[in-house]
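Heads up: the structure comes next, in structure tokens.
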Amino acid sequence: MTRSIKPALRLTFAVAAVAVSATTLAACGGSSEAGSDEPLQFFLSGDANQGGGYAHMAQKYEEETGVKVEIVDIANDDLSTKLRNAAQADDLPAIARVGAVDPVWRGAASDLTDITEGSGIRTELSDWDGDKVISLPSDITAVGLFINKTLFDEAGVAYPTSEDDIWTWDEYVAAVKEVQEETGTSYGMVMDKSSHRLKSLFYEFGSDYFQPDDEGTFSSNDDTKRALEFFNELNDDSFMPRSVWLSDADGNALFKSGDVVSYVSGSWQIADFAVNITDFEWASVYMPTEKERATNYGNAASIVVFDGPQQEAAYDFIEWLYEPENYTELSETSSFIPAVDGLEIEYASHADAFDIYAQDIAASPAIVGDIKSMELQYGAQGVTTEGDPVRDETVKYLNGEQDVDATIENINAQFTDQLGALE
Amino acid sequence: MSRTNTVDGLSAETSALVIKGRRARRVRRPGQRSTSLVLAPLSFIAVAVVLFALFFVWPGALGLWYSFTDYTGVGTPDFIGAENYVELAQDPDFYVVLGRTLLYTVLSVPLHFVAALGIAVLLTSTAAKGKAPARIIFFLPWLISPIVAGVIWKWLFGENFGMVNFIIELAGGTGLRWETDPTLALVLILIVSTWGGTAFNMLLFIAAIRNIPRSYLEAAQLDGAGGWQRFTRIVLPLLRPTSFMVVLLTTIGSMKEFAMVQALNGGGPGTSNMFIVQYIYRTGFERADVGYASAASMVLMVILIVIAIIQMRFDKRNDLA
Amino acid sequence: MNAKRWGIGSTIVLWLLALGFLIPVAWFLLSSFKPGSELFSLPLTLFPKDWTVSGYETAWNRFDFARYFLNTSIVAVVTTVLTVLVSAMTGYAFAKYHAWWLKAFFICILATTMLPTEVIMPSSFAVVRDLGLYNSLAGIIVPSIITATGIFMFRQYFKTIPDELLEAARIDGVGEFGAFWRIMLPLARPIAVVLAIFSFQWRWNDYIWPLIVLRDPSQYTLQVALRSIVGADNVDWSVLLSASVISLIPMVVLFAIFQRQIMNADINSGLKD
């Protein structure tokens with residue numbers, strides 16, 4: 001009996017040994033820490049989709065200085081997780097372009113104040129740590145209105161082409177409904193399922209959004225209620241398709257199909273539409289007004305430089321990037337709205353669309369900037385939320401699960417619960 | 001080379017039976033279990049135990065600890081006792097979501113089972129033609145990631161611009177509200193999950209069916225048993241271990257359904273088709289309330305353990321092996 | 001006569017079902033050959049009006065598929081071999097031995113499927129980091145070896161193998177380990193192949209572990225790279241579709257080759273009747 005155990009046991013041990021050595025070999029495949037000669041790793045998301053501006057500038061920088069910057073394009077949903085894990089493993093990259101500053105690695109963000117001095121960088125969109133600037137706005141995006149110009153022309157309906165002519169929401173809805181009827185289009189308007197777009201509707205109705213009092217209890221004004229009720233009326237499945245806000249249907253795809261007259265989205269679509277809409281003509285138009293003319297604008301992302309062995313080299317690269325000449329080139333390649341004042345950007349196409357955005361932004365009331373600052377300040381306090389209570393509660397309201405007062409109450413309750421008082 | 005022990009001049013076969021009987025009696029004596037019968041299984045499961053401890057017990061224990069704190073994912077957690085559990089028990093949404101998830105599971109398990117078994121039988125029968133390419137076709141959906149699957153089915157069943165409604169309207173009907181009607185949305189979820197999940201169960205059934213000795217079936221056929229009888233009296237009972245596994249795994253999988261529903265309709269319309277894992281995300285992780293999310297996950301795990309134990313009881317009573 | 005009708009009937013049913021399963025896949029495949037502007041235009045068409053491989057070109061140039069295939073393959077192969085072995089051993093122990101602690105451990109193993117992975121993610125990362133496996137392929141391989149499904153599969157399969165076989169082996173003096181390696185495991189070849197296919201596919205499509213563990217982009221696996229196509233506010237659908245098709249091909253090829261192993265294993269479980 002012992003004779004037959006041995007070969008079998010030996011086989012078992014052999015397998016175990018192979019397994020161990022295989023895993024150790026694989027373990028050796030891990031790379032070493034980023035030394036100062038290694039390329040600077042720049043974590044971001046979606047650069048390739050947006051014209052590859054950063055990749056282009058990295059190349060230019062390498063040609064000029066010989067320093068290599070490696071663009072690491074990560075899925076948007078995964079970027080914050082990746083950075084957080086990297087921070088906890090003491091392995092942060094040199095630079096990152098993030099949606100929001102994460103309290104987990106906030107402390108590792110370098111001081112960029114010197115870059116901002118004397119420049120036109122819009123520091124009200126930066127993250128601050130006391131007096132220190134710890135992030136630079138990467139570019140600005142704003143909510144805007146797109147129309148299917150072919151349909152408007154076919155129906156013979158006019159739309160505002162200058163700032164003296166801005167339409168009210170009622171006028172806009174009436175115009176679109178007329179186009180719908182004349183051309184037999186299925187839907188009049190579609191809006192991305194996001195509180196980011198809805199905010200512009202709020203601001204236009206004069207809402208002061210959701211703000212805390214000194215104790216941290218959130219509340220809103222009556223215009224918010226009016227805006228929500230208006231939005232609910234629009235979502236009647238003949239003007240706006242209910243499937244977008246209720247079930248994640250792709251508003252972008254719907255507009256591109258040519259069977260929706262107008263689309264409330266934002267400036268980043270311009271580059272995409274330029275390539276991917278060939279069946280009809282589209283145009284950017286001024287956002288409608290009610291009490292106010294407004295659009296929700298803000299920094300699309302923030303550039304952060306991390307402390308570490310590569311900090312100096314990374315700092316130099318970012319300083320170079322924000323020089324007017326270079327930043328202009330970046331904005332032109334990726335069709336960004338600049339976060340730096342006083343620059344002349346020559347867009348490759350659809351410059352008129354960008355003009356409209358610039359005008360809408362300039363005409364927006366102070367509340368837009370105030371809310372943005374409030375959000376940045378909460379970030380500085382180390383409070384972050386990934387969820388979107390405004391969107392989620394609005395969806396429930398649109399679906400008939402609750403009434404408008406309950407919706408506003410819930411939103412306020414959630415904000416109070418998660419954010420608390422501003423310090 | 002094995003030596004056949006013979007007993008007292010008896011034949012080899014009889015000797016074997018005698019020896020077997022002796023051994024059996026020896027083993028049955030309490031406390032006399034041979035060490036190899038303990039050492040062997042222990043060494044077989046050793047690696048699994050270590051990995052289990054490292055990658056399940058350790059993070060699981062951390063999760064359990066978090067469920068008793070107000071951890072937000074950042075900073076240090078503070079102990080708050082059973083507050084998360086109390087809050088969970090008092091949240092009406094939790095029960096609604098749980099009910100919806102159970103409804104979905106109760107519907108999907110028989111659907112997946114029948115689909116997978118039916119297709120497996122077809123693919124292993126001698127009668128049908130063209131099995132090899134068919135097998136690959138059934139396998140393909142399983143390979144497609146949930147994001148892409150969600151997009152494909154949204155295009156096919158989109159309420160406004162989907163292919164299916166397009167065809168229905170061409171034929172003169174009105175398009176169905178696949179996205180804004182809660183029941184139709186659930187039906188769509190069932191269709192998509194069956195489409196994607198069948199290959200997995202199908203392969204398990206195929207392997208098990210091929211394991212049935214052909215001689216059994218041939219003998220039954222000679223005895224005059226028809227195709228259906230052979231199926232219900234021989235194949236099905238012999239498939240019981242695999243059936244039990246398919247039912248249990250599908251139950252657990254359906255209760256945990258998340259990624260596909262997210263990609264398909266975000267749990268919509270509104271929140272009418274929100275399942276429990278999405279609830280955990282929405283109320284826990286998205287609100288930076290890791291403690292609450294952990295508590296809800298623990299509750300989910302307990303529910304699943306209970307379901308598993310119940311199903312194991314059923315299996316034991318019917319165990320043929 | 002009866003057999004022929006069965007034949008035609010079952011063939012028809014089989015192919016109707018296959019068609020139902022195929023249409024969405026066909027849509028997916030055909031859409032990958034459409035230019036971005038055609039994807040959404042009405043009226044919807046199954047076939048592209050304007051066949052193009054531009055999506056494929058962009059996908060191929062943007063992603064270093066060769067490297068990602070290599071990384072993912074290493075992980076998939078090593079993990080699969082280890083997974084099959086560990087699952088076989090553990091499932092065998094559950095099936096053929098009886099002890100209360102075995103039953104308890106079986107329930108523990110089942111319990112691993114009951115916590116959604118996303119939930120244990122933060123804690124799992126802490127474990128990986130503390131074990132020193134961060135940023136190495138081993139960090140993805142080792143945690144993925146244990147799978148309740150695989151263990152369950154082998155348990156059920158071994159349960160269908162009659163105990164008499166094991167008894168006979170014991171009588172023959174082969175010993176417990178010998179019985180496993182020389183007799184039982186070879187018998188379990190079909191289920192081993194099935195698990196290997198499953199395991200390969202799971203690792204191929206896995207993104208949670210690589211997301212948590214890998215830091216260096218040169219080590220990225222396929223899914224991690226593909227997910228980056230989904231940007232913040234825009235998704236380049238034609239690239240996503242093309243890249244997804246490319247990433248499917250190896251799995252389909254593998255399955256086409258190995259499905260024979262499952263189908264042709266005509267075991268009669270070693271019993272002489």
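Here, A, B, ... name the chains of the structure tokens in the order displayed, residue numbers run from 1 inside each chain, and ligands are numbered from 1 in the same displayed order.
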Checklist line | Contacts of stretch 402-417 of chain A within 9 Å, only C-alpha atoms, excl. fewer than 6 positions in-chain, as a PyMOL selection string | finding: (chain A and resi 210-212+216-220+224-225+228-229+389-390+392-394+396) or (chain B and resi 287)
Next item on the list: Counting only C-alpha atoms, collect the residues of chain C whose closest atom lies at most 7 Å from chain A, and write them out as a list in words.
Entry: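 The contacting residues on chain C are Gly36, Ser37, Phe40, Ser41, Leu42, Leu82, Arg129, Asn135, Ser136, Leu137, Ala138, Gly173, Val174, Gly175, Phe177, Gly178, Trp181, Leu211, Ile212, Pro217, Arg227, Ser228, Ile229, Val230, Gly231, Ala232 and Asp236 of chain C.
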Margin query: I'd like the contact shell of C:Ile107 - 9 Å cut-off, only C-alpha atoms, skipping same-chain residues fewer than 6 positions apart - returned as a PyMOL selection string.
Written below: chain B and resi 305+308-309
Output C-alpha atoms for every residue in the selection just made, as an mmCIF file, in the first residue's frame.
data_model
loop_
_atom_site.group_PDB
_atom_site.id
_atom_site.type_symbol
_atom_site.label_atom_id
_atom_site.label_comp_id
_atom_site.auth_asym_id
_atom_site.auth_seq_id
_atom_site.Cartn_x
_atom_site.Cartn_y
_atom_site.Cartn_z
ATOM 1 C CA ILE B 305 -27.859 30.982 3.126
ATOM 2 C CA ALA B 308 -29.488 27.374 0.125
ATOM 3 C CA ILE B 309 -30.100 25.291 3.236
#
Check: which chain A residues lie within 9 Å of chain B using only C-alpha atoms, as a PDB file with N, CA and C atoms, in the first residue's frame:
ATOM      1  N   PRO A 103     -11.153  63.088  -0.761  1.00  0.00           N
ATOM      2  CA  PRO A 103     -10.533  63.326   0.544  1.00  0.00           C
ATOM      3  C   PRO A 103      -9.429  62.332   0.882  1.00  0.00           C
ATOM      4  N   VAL A 104      -9.505  61.131   0.292  1.00  0.00           N
ATOM      5  CA  VAL A 104      -8.489  60.129   0.600  1.00  0.00           C
ATOM      6  C   VAL A 104      -7.094  60.576   0.187  1.00  0.00           C
ATOM      7  N   SER A 186     -41.408  62.377 -34.111  1.00  0.00           N
ATOM      8  CA  SER A 186     -41.963  61.688 -32.948  1.00  0.00           C
ATOM      9  C   SER A 186     -41.905  62.522 -31.680  1.00  0.00           C
ATOM     10  N   PRO A 241     -39.782  61.983 -24.542  1.00  0.00           N
ATOM     11  CA  PRO A 241     -40.003  60.549 -24.337  1.00  0.00           C
ATOM     12  C   PRO A 241     -39.725  60.195 -22.882  1.00  0.00           C
ATOM     13  N   ARG A 242     -40.632  59.488 -22.271  1.00  0.00           N
ATOM     14  CA  ARG A 242     -40.457  59.149 -20.859  1.00  0.00           C
ATOM     15  C   ARG A 242     -39.336  58.141 -20.639  1.00  0.00           C
ATOM     16  N   SER A 243     -39.010  57.392 -21.689  1.00  0.00           N
ATOM     17  CA  SER A 243     -38.056  56.311 -21.485  1.00  0.00           C
ATOM     18  C   SER A 243     -36.665  56.805 -21.099  1.00  0.00           C
ATOM     19  N   VAL A 244     -36.339  58.068 -21.444  1.00  0.00           N
ATOM     20  CA  VAL A 244     -34.991  58.547 -21.161  1.00  0.00           C
ATOM     21  C   VAL A 244     -34.797  58.735 -19.663  1.00  0.00           C
ATOM     22  N   TRP A 245     -35.693  59.489 -19.036  1.00  0.00           N
ATOM     23  CA  TRP A 245     -35.523  59.744 -17.607  1.00  0.00           C
ATOM     24  C   TRP A 245     -35.974  58.572 -16.762  1.00  0.00           C
ATOM     25  N   LEU A 246     -36.908  57.801 -17.245  1.00  0.00           N
ATOM     26  CA  LEU A 246     -37.392  56.701 -16.420  1.00  0.00           C
ATOM     27  C   LEU A 246     -36.542  55.447 -16.558  1.00  0.00           C
ATOM     28  N   SER A 247     -36.009  55.196 -17.735  1.00  0.00           N
ATOM     29  CA  SER A 247     -35.342  53.914 -17.947  1.00  0.00           C
ATOM     30  C   SER A 247     -34.000  53.981 -18.612  1.00  0.00           C
ATOM     31  N   ASP A 248     -33.311  55.115 -18.495  1.00  0.00           N
ATOM     32  CA  ASP A 248     -31.956  55.123 -19.039  1.00  0.00           C
ATOM     33  C   ASP A 248     -31.881  55.005 -20.546  1.00  0.00           C
ATOM     34  N   ALA A 249     -32.939  55.293 -21.274  1.00  0.00           N
ATOM     35  CA  ALA A 249     -32.803  55.254 -22.733  1.00  0.00           C
ATOM     36  C   ALA A 249     -31.802  56.324 -23.148  1.00  0.00           C
ATOM     37  N   ASP A 250     -31.110  56.109 -24.207  1.00  0.00           N
ATOM     38  CA  ASP A 250     -30.004  56.973 -24.598  1.00  0.00           C
ATOM     39  C   ASP A 250     -30.501  58.186 -25.368  1.00  0.00           C
ATOM     40  N   LEU A 254     -31.145  59.018 -29.450  1.00  0.00           N
ATOM     41  CA  LEU A 254     -32.442  59.435 -29.959  1.00  0.00           C
ATOM     42  C   LEU A 254     -32.315  60.681 -30.817  1.00  0.00           C
ATOM     43  N   SER A 257     -30.794  60.014 -34.148  1.00  0.00           N
ATOM     44  CA  SER A 257     -31.625  59.287 -35.101  1.00  0.00           C
ATOM     45  C   SER A 257     -32.403  60.245 -35.991  1.00  0.00           C
ATOM     46  N   ASP A 259     -35.133  61.805 -35.100  1.00  0.00           N
ATOM     47  CA  ASP A 259     -36.561  61.816 -34.843  1.00  0.00           C
ATOM     48  C   ASP A 259     -36.927  62.588 -33.579  1.00  0.00           C
ATOM     49  N   GLY A 382     -13.983  67.376   2.900  1.00  0.00           N
ATOM     50  CA  GLY A 382     -13.844  65.932   2.917  1.00  0.00           C
ATOM     51  C   GLY A 382     -15.166  65.203   2.788  1.00  0.00           C
ATOM     52  N   VAL A 383     -16.169  65.913   2.270  1.00  0.00           N
ATOM     53  CA  VAL A 383     -17.454  65.235   2.081  1.00  0.00           C
ATOM     54  C   VAL A 383     -17.666  65.008   0.591  1.00  0.00           C
ATOM     55  N   THR A 384     -17.815  63.778   0.224  1.00  0.00           N
ATOM     56  CA  THR A 384     -18.093  63.506  -1.190  1.00  0.00           C
ATOM     57  C   THR A 384     -19.282  62.578  -1.294  1.00  0.00           C
ATOM     58  N   THR A 385     -20.065  62.789  -2.316  1.00  0.00           N
ATOM     59  CA  THR A 385     -21.140  61.823  -2.573  1.00  0.00           C
ATOM     60  C   THR A 385     -21.052  61.413  -4.026  1.00  0.00           C
ATOM     61  N   GLU A 386     -21.248  60.131  -4.266  1.00  0.00           N
ATOM     62  CA  GLU A 386     -21.222  59.691  -5.654  1.00  0.00           C
ATOM     63  C   GLU A 386     -22.624  59.688  -6.243  1.00  0.00           C
ATOM     64  N   GLY A 387     -23.583  59.696  -5.396  1.00  0.00           N
ATOM     65  CA  GLY A 387     -24.948  59.579  -5.889  1.00  0.00           C
ATOM     66  C   GLY A 387     -25.463  60.904  -6.424  1.00  0.00           C
ATOM     67  N   ASP A 388     -26.670  60.923  -6.882  1.00  0.00           N
ATOM     68  CA  ASP A 388     -27.279  62.100  -7.483  1.00  0.00           C
ATOM     69  C   ASP A 388     -28.709  62.190  -6.973  1.00  0.00           C
ATOM     70  N   ASP A 392     -32.273  61.235  -8.845  1.00  0.00           N
ATOM     71  CA  ASP A 392     -33.031  60.049  -8.428  1.00  0.00           C
ATOM     72  C   ASP A 392     -34.411  60.397  -7.909  1.00  0.00           C
ATOM     73  N   VAL A 395     -36.629  61.413 -10.796  1.00  0.00           N
ATOM     74  CA  VAL A 395     -37.095  60.247 -11.546  1.00  0.00           C
ATOM     75  C   VAL A 395     -38.319  59.638 -10.875  1.00  0.00           C
ATOM     76  N   LYS A 396     -38.253  59.537  -9.552  1.00  0.00           N
ATOM     77  CA  LYS A 396     -39.414  58.970  -8.837  1.00  0.00           C
ATOM     78  C   LYS A 396     -40.644  59.843  -9.032  1.00  0.00           C
ATOM     79  N   TYR A 397     -40.434  61.151  -9.023  1.00  0.00           N
ATOM     80  CA  TYR A 397     -41.542  62.082  -9.229  1.00  0.00           C
ATOM     81  C   TYR A 397     -42.135  61.899 -10.615  1.00  0.00           C
ATOM     82  N   LEU A 398     -41.269  61.815 -11.630  1.00  0.00           N
ATOM     83  CA  LEU A 398     -41.753  61.667 -12.992  1.00  0.00           C
ATOM     84  C   LEU A 398     -42.496  60.355 -13.176  1.00  0.00           C
ATOM     85  N   ASN A 399     -42.093  59.347 -12.407  1.00  0.00           N
ATOM     86  CA  ASN A 399     -42.710  58.030 -12.537  1.00  0.00           C
ATOM     87  C   ASN A 399     -43.991  57.926 -11.726  1.00  0.00           C
ATOM     88  N   GLY A 400     -44.354  59.023 -11.079  1.00  0.00           N
ATOM     89  CA  GLY A 400     -45.585  59.004 -10.317  1.00  0.00           C
ATOM     90  C   GLY A 400     -45.472  58.322  -8.973  1.00  0.00           C
ATOM     91  N   GLU A 401     -44.240  58.069  -8.514  1.00  0.00           N
ATOM     92  CA  GLU A 401     -44.083  57.383  -7.233  1.00  0.00           C
ATOM     93  C   GLU A 401     -44.260  58.326  -6.055  1.00  0.00           C
ATOM     94  N   GLN A 414     -31.808  64.387   2.081  1.00  0.00           N
ATOM     95  CA  GLN A 414     -30.599  63.644   1.740  1.00  0.00           C
ATOM     96  C   GLN A 414     -29.374  64.530   1.761  1.00  0.00           C
ATOM     97  N   GLN A 418     -26.164  63.974   4.143  1.00  0.00           N
ATOM     98  CA  GLN A 418     -24.846  63.612   3.622  1.00  0.00           C
ATOM     99  C   GLN A 418     -23.842  64.746   3.673  1.00  0.00           C
TER     100      GLN A 418
END
Skipping near chain neighbours, those fewer than 2 positions away, what residues fall within 9 Å of C:Lys96 using only C-alpha atoms, listed as a PDB file with C-alpha atoms, in the first residue's frame?
ATOM      1  CA  PRO B  41     -10.154  14.864   2.683  1.00  0.00           C
TER       2      PRO B  41
ATOM      3  CA  GLY C  91     -15.310  18.936  -4.738  1.00  0.00           C
ATOM      4  CA  TYR C  92     -14.079  15.371  -4.500  1.00  0.00           C
ATOM      5  CA  ALA C  93     -13.615  15.658  -0.761  1.00  0.00           C
ATOM      6  CA  PHE C  94     -17.156  16.979  -0.385  1.00  0.00           C
ATOM      7  CA  HIS C  98     -18.475  12.331   5.096  1.00  0.00           C
ATOM      8  CA  ARG C 155     -18.970  17.807  -6.071  1.00  0.00           C
ATOM      9  CA  PHE C 158     -18.319  13.062  -8.332  1.00  0.00           C
ATOM     10  CA  LYS C 159     -21.558  12.282  -6.566  1.00  0.00           C
ATOM     11  CA  ASP C 163     -19.060   4.695  -4.545  1.00  0.00           C
ATOM     12  CA  LEU C 166     -13.921   4.033  -4.915  1.00  0.00           C
TER      13      LEU C 166
END
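Using only C-alpha atoms, the part of chain C that sits within 6 Å of chain B is made up of C:Gly7, C:Ser10, C:Thr11, C:Met89, C:Thr90, C:Ala93, C:Met114, C:Leu115, C:Ser123, C:Ser124, C:Gln156, C:Asp172, C:Ile267, C:Asn268.
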How would the residues just chosen look if you wrote them out with N, CA and C atoms as a PDB file, in the first residue's frame?
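Saved to result_4.pdb:
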ATOM      1  N   GLY C   7     -36.502  13.439 -35.643  1.00  0.00           N
ATOM      2  CA  GLY C   7     -35.337  14.135 -36.176  1.00  0.00           C
ATOM      3  C   GLY C   7     -35.704  15.483 -36.736  1.00  0.00           C
ATOM      4  N   SER C  10     -37.150  17.859 -33.926  1.00  0.00           N
ATOM      5  CA  SER C  10     -36.159  18.448 -33.022  1.00  0.00           C
ATOM      6  C   SER C  10     -35.217  19.384 -33.758  1.00  0.00           C
ATOM      7  N   THR C  11     -34.928  19.079 -35.010  1.00  0.00           N
ATOM      8  CA  THR C  11     -34.060  19.988 -35.760  1.00  0.00           C
ATOM      9  C   THR C  11     -34.727  21.346 -35.907  1.00  0.00           C
ATOM     10  N   MET C  89     -10.129  18.793  -6.328  1.00  0.00           N
ATOM     11  CA  MET C  89      -9.776  18.195  -5.036  1.00  0.00           C
ATOM     12  C   MET C  89     -10.848  18.485  -3.995  1.00  0.00           C
ATOM     13  N   THR C  90     -11.252  19.746  -3.925  1.00  0.00           N
ATOM     14  CA  THR C  90     -12.212  20.122  -2.900  1.00  0.00           C
ATOM     15  C   THR C  90     -13.574  19.480  -3.155  1.00  0.00           C
ATOM     16  N   ALA C  93     -13.533  15.873  -2.211  1.00  0.00           N
ATOM     17  CA  ALA C  93     -13.615  15.658  -0.761  1.00  0.00           C
ATOM     18  C   ALA C  93     -15.059  15.789  -0.287  1.00  0.00           C
ATOM     19  N   MET C 114     -22.523  34.396  -1.984  1.00  0.00           N
ATOM     20  CA  MET C 114     -23.695  35.127  -1.537  1.00  0.00           C
ATOM     21  C   MET C 114     -23.431  36.573  -1.173  1.00  0.00           C
ATOM     22  N   LEU C 115     -22.186  36.943  -1.124  1.00  0.00           N
ATOM     23  CA  LEU C 115     -21.896  38.362  -0.940  1.00  0.00           C
ATOM     24  C   LEU C 115     -21.532  38.926  -2.308  1.00  0.00           C
ATOM     25  N   SER C 123     -12.659  45.906   1.163  1.00  0.00           N
ATOM     26  CA  SER C 123     -11.906  45.083   2.112  1.00  0.00           C
ATOM     27  C   SER C 123     -10.944  44.159   1.377  1.00  0.00           C
ATOM     28  N   SER C 124     -11.375  43.644   0.224  1.00  0.00           N
ATOM     29  CA  SER C 124     -10.503  42.748  -0.530  1.00  0.00           C
ATOM     30  C   SER C 124      -9.237  43.465  -0.943  1.00  0.00           C
ATOM     31  N   GLN C 156     -20.963  17.739  -7.423  1.00  0.00           N
ATOM     32  CA  GLN C 156     -22.133  17.074  -7.994  1.00  0.00           C
ATOM     33  C   GLN C 156     -21.717  15.989  -8.961  1.00  0.00           C
ATOM     34  N   ASP C 172      -8.204  -2.540  -4.001  1.00  0.00           N
ATOM     35  CA  ASP C 172      -7.027  -2.819  -4.811  1.00  0.00           C
ATOM     36  C   ASP C 172      -5.765  -2.220  -4.227  1.00  0.00           C
ATOM     37  N   ILE C 267     -18.293   8.501 -21.432  1.00  0.00           N
ATOM     38  CA  ILE C 267     -17.922   7.673 -20.287  1.00  0.00           C
ATOM     39  C   ILE C 267     -19.107   6.841 -19.873  1.00  0.00           C
ATOM     40  N   ASN C 268     -18.817   5.665 -19.444  1.00  0.00           N
ATOM     41  CA  ASN C 268     -19.897   4.897 -18.846  1.00  0.00           C
ATOM     42  C   ASN C 268     -19.539   4.626 -17.401  1.00  0.00           C
TER      43      ASN C 268
END
